[in-house]
Structures are given as structure tokens and as C-alpha cells.
Amino acid sequence: MLTFALRRAVLGILVLITVSVLVFVSFRFVPGDIVNQQLSEAGAVTPELLAQKRAQLGLDKPLLVQFTEWASGVVTGDFGKSLWTGRPVANQIVTALVPTMQLSIVAIILGAVLGIGAGVAAALWRGTPGDMILRIVSTVFLAIPQLWLGLLTLTGLAMIGYYIPLPYRSFSVNPAINFQQVIFPAVALSLGVAAALSRLTRSAMLEVTGADFIRAARARGVPSSRLYIGHGLKNALIPVITLLGTQFGNLLSGTVIIEQIFNIPGLGNMLFEAVANRDYPVVQAAVLTYGVITIVVNLLVDLSYGIVDPRIREARS
Amino acid sequence: MTPGSATPMTPMSAPSYGQGSAEPTVLAVEALAVRYGDMEVCSDVSLSVRRGEALALIGESGSGKSVTVLAVTGLLGRGGAISRGSVVLDGEEITRLSEKERRRRGLFGRRIGVIFQNPSRALDPVFTVGQQLNEALSLTGLNGREALRSKAAEWLRHVGLPDPEEALDRYPHQLSGGQRQRAMIAIALASEPELLIADEPTTALDVTIQAQVLNLIRRLQRELNLALIIVTHDFGVVAAMADRVSVMYAGEVVETGSVTEIIRDPRHPYTRALLGSLPTGQPGARIEALPGSVPSAGTMPTGCRFHPRCPAAVAECAGEEPRLEPASYGRVLRCLRAEELAAYDA
């Protein structure tokens, strides 16, 4: 178990290094660097001024040198300073991480509950109108982009005369307002997840409920609820958890736009602005954070296999 | 129910011969037919079993023997339904009960226990043996962690699992095939049913442990005075396990009688062919193979279903459907020429 976790950790670090290099390099090839952005408003910009500004920010050095400087900072916990505000990036990340994590965790829980619930229901109602409706609804939500769903939610709320209170308040400051601010974007994010999960859960459940051990459990008088939720769902869960992990990644990328739409000062919002402003250290730190979250989620998914299935647990020990 | 109160439910066509037993009939199946959609997989099955009695149901694959017991247990699954006939348990008509009603009447587990063919597939891989045993035990009204655990361990000891306490916390894959089937037997019996159904309980096991498992089932059946139906395709199992045997062919029971009588003196041409196809153990002795195979539901021959393969078939056999009837010499069989052939033998 320990070697398993260690191996995963090493692998995770390799992934993070790769992601960092890719983002570092590719983003520098995006036309229009920060100096252009910053000086574009000003008049009388001379090439000398641009060069001077670049030197000041250390952007004139070779890319490899810049990367090494940045990476050695990261290793010691120093993510540098924002090129725009001059504030330490690490602080900004930590502040922005809270709303994003809150939003994505609420959304993934909603998505998992809705999706797995709908999938189990569809499997039990197989071939009935209920099953049909659930399958059509899930296909629809699978096809709708989160972005559009977010806009639609806002519009829909406005039409019934409800406006989400602003500005953003964190849960610890004002839970009531925070709830209203988080629940709608979370729903918008969760529906796609739920749609994908429900389809997989349905097919996994159908496969399991045809198994001999379900028939045997029924024969020994196991009540329906325990038969389907205990024996059925627990056996169908492995592929569902796998999808849940990948869906969390999707959901996380969805937060970038959704936070923008719903004015949530999270990591996505921060990244969005940093990209527009070519604020390199902020972009790099944000992407690295997303990477860490994704890796941790995948690790949790892998660990949960062992909880669900004793055979996997054993193979690892 | 006391031994003296034998119900009049025993159908005419399937009496218990050779037993002279006053034990009550536990299960009586009468002219049962089962359909999966348009396919009639089982057409005319009559059988009965008394308390303390072991009935073997023998036939080739596709003869409908497993479907018969699934129909009795209410486990036919999607698309399967009883289309004719009746199933009576303890004088109680249970032919067309819904799953909910079956549950309410305790037909699952509490009154009918089932041992399945393949214990590796019939035990849930992600639950421990103890958890699955508890599900059956809780039907008896037993509760409380300690009580359940000690009773569960007692059952595992009873079926001969080494280290019963430890085995409770094991998952099915951590046991050997034979141990799994022993656990399965414990689970089937833990709810204290009066009827035990074993559907080819040793087919999936190694030859070396088949005898152990069969002996265990037989011993427990006698100890607990259970009615037992054992489904098999192996006359060796019939001889070792059963008091009476019903022979099935193409969805119908063709002959029923006591095991000793049928093995010594099979009457139906199919039973004879089945016994004749057993290896004798003599080196060089030819095995009489029965030509052809069991007809499938779509291609059932007219008249007697066995006539195309029957060595004793005559012209009428293709035209007239024989009924399952008591023969003069104390046997129930389905053959137009039963009396004729008996006279010829004599």
C-alpha cells in the first residue's frame, strides 16, 4: 500500500514537471507579451522603452534561465510576484483556491448523487417510460456546454425576478449569501457530470444485476434495497468512480468560465484574468495548482478502488 | 406441520413410490410449463418431494431441469414466466406470486434455500462470507452482533470450514472452490428452510472435492430432515444423493420412481439410454451413445418428444403425445408403449 502511494506520488511529480514546462514554453509563444499589454494604453512607445521594461521584468533572459529561476523558487514555495500587482502569487492562489474548491466539491457531490441516483433508477426501471425519460434527459445534458448552461441559469433566474446577491461572500463570512452564490453555478457544473455518470451507472448496474450473485442474494431473501444498493451498486461502482475522477477534471476546467459568469473570485477567475493580462507567474502557478488538484483527485480515485473491492486492496498490499 | 398431517395436495401423477412415508409433501409441482417470451422451455413437469426426502432431477443440458427449479424459487428472471400448471409449497399455492408477495411469505431463503451451481459466481465478491451469511441468518429473527457472529461461525463449523471464526471475515476469493461451496451451503441452510434446492452443486468443482460436498449436503439433509431437490446430469450423483428420481427430457418429466428401482430397472427408453451411456469402468467396453441431441423449443417434434431418438419408437409415437401416467408395475412414466415394453421384457 505504501509503495503504491509512493509510486503514485513520484508519477504525480513527473506529471507536474511536464505540465509546468509545457505551460511555461507554450504561453511565451502566445502573441503579445505582458510588456505590450501594459504599455499598449500608453502613447509614444519606443522599442527602447519596451526592451527596458522587459529587462526590468527579467523577460530578456533565455527561456531556460527564466524557467530554472522560476522552478527553483517553486521548490522553496516561492511562486514569484504578479507582474501586474506585484503581490506574492502564493497568497493570491491560496485566497482564490477556497471558492473554487468549495464550488467544485459541491458540484461534484451534486453530480455524483444525481448521476448515480438517476443511473440506478434507470437500470431498475429498464424499458419503462421512466428509463426512457432519464436517458433522453441525460443525453440532452451531455450535449449542453457548461458555459451555455451557466448563462441559461442566470437568464432563467432573472426572468423569474431572482438575482444572485453580489458581491461574493465566503461561507465563513455569510453562509446564507454564499449558499445562493454557489448553488446555481454548482448545479450548472454538475448536470453534465450527472448526465455522464447516469449513463455509465445504468449500464454497469444492468451488467451487475444480471450476475449470479444477485440472483443468489435474492434467493436468500436479501431485501430489494440492499440487493440493488448494497450488492448491485457496490459491484458496479469501480467504473463509476473512474469516470467520477475524470469528470472532476472536466468540472474543474468548467469552473474557469463558470466563475467568470457568476462572479466568483476563484482560481478560474484569476487564471482567466491572468491569461488576458499575460501575467506569467500567476498563470504558471494557477496551472500548477490545477495540476496538483487533478493528481490528488486521481490518487483518491485509485485509493477508493481498494475500499470498494477487496481483491484490488489485496493485490496492492 | 406434524408428520401425520399429510396433505391431499400430492398430485395423482407424481406420488412417492417406494417410500411408504407418512411425511407430509413439502413441494408439489403439477403440469408446470415455463415460457421465456415465445419460447416454451419447460412444458409438462410434475414432481413432488416430501419432508426428509431427496429427489433428484436428472436430464441432459437443455432438458429444462434448471428452469424448473428456478420457477419453483421464483428466480426465473426477466422475460421468464410460468404459463401453465401449479407449484404448491406446504399446501400453499405459490405459482404466480409477485416478487414482493414471495418475499412477504418468506419464500426467498426462509422457506426455500438454494445452492447454486458455481459458488465463485454466486457469492458476492465484495462482501465477506460473514456478511452474506448474516443476511440469511437475520431472516430467522436473530439479531445482535454477537449472536449473529457466533451463530454464523457455528454454521461454518457445521459445513466443515476450517477456522470458521476467521472464515467469517474472508472474502469469497480468499477461499478455495470447495470452501466456497461449503460457505454457500451454510448460507442456504442458515435461514432454516424446509426445502433445499441444489442446482448442480458440484458441476463447477474439482472432481476430488465433489464427493465431499455431496456427502455434506446429504448428511445435512438427513440431520435437518429437509426436503431436497438436487438437479444433476450425472447418474452417479443420483445414486449417491437421492431417494427418488425424476428424469427429464425436452422440458417434460418422462419417468419418476425410486432411485434403486430406476437404476436397477429403467423403464422409459430415454432413461434406459441415459443409463446405457454411462461408462461401465470395464476397459474396452463400448459406451452406448444416444444419437442426436435434445430438441430445442422451436423444433419440438410432434407426438412423443423422444420418438426421433427412441430405439423403441413405432408409428403412433409420432402422432400421439404420451401422458405422464402411473404404470402397472409401480412407476410413473410417459410412454405410449410402457405396458407393451414391460410385457416384452418379462
# chains A, B, ... in the order shown; residues from 1 in each chain; ligands from 1

$ interface_residues --of "chain B" --to "chain A" --cutoff "8 Å" --atoms "only C-alpha atoms" --output "VMD selection string"
chain B and resid 73 75 103 106 to 110 113 to 114 116 121 to 127 135 to 136 139 171 173 187 to 188 191

$ select_by_dssp --residues "region 88-280 of chain A" --states "helix (DSSP H, G or I)" --output "PyMOL selection string"
chain A and resi 89-124+129-143+146-159+175-209+212-219+224-261+267-277+280

$ closest_residue --among "A:Gln37, A:Ser20, A:Thr201, A:Thr246" --to "Leu50 (chain A)" --atoms "only C-alpha atoms"
A:Gln37

$ atom_distance --atom1 "CA of Glu60 (chain B)" --atom2 "CA of Met184 (chain B)"
24.6 Å

$ closest_residue --among "B:Leu47, B:Ala81, B:Leu220, B:Ala297" --to "Val245 (chain B)" --atoms "only C-alpha atoms"
B:Leu47

$ closest_residue --among "B:Thr260, B:Thr140, B:Ala338, B:Leu189" --to "Asn225 (chain B)" --atoms "only C-alpha atoms"
B:Leu189
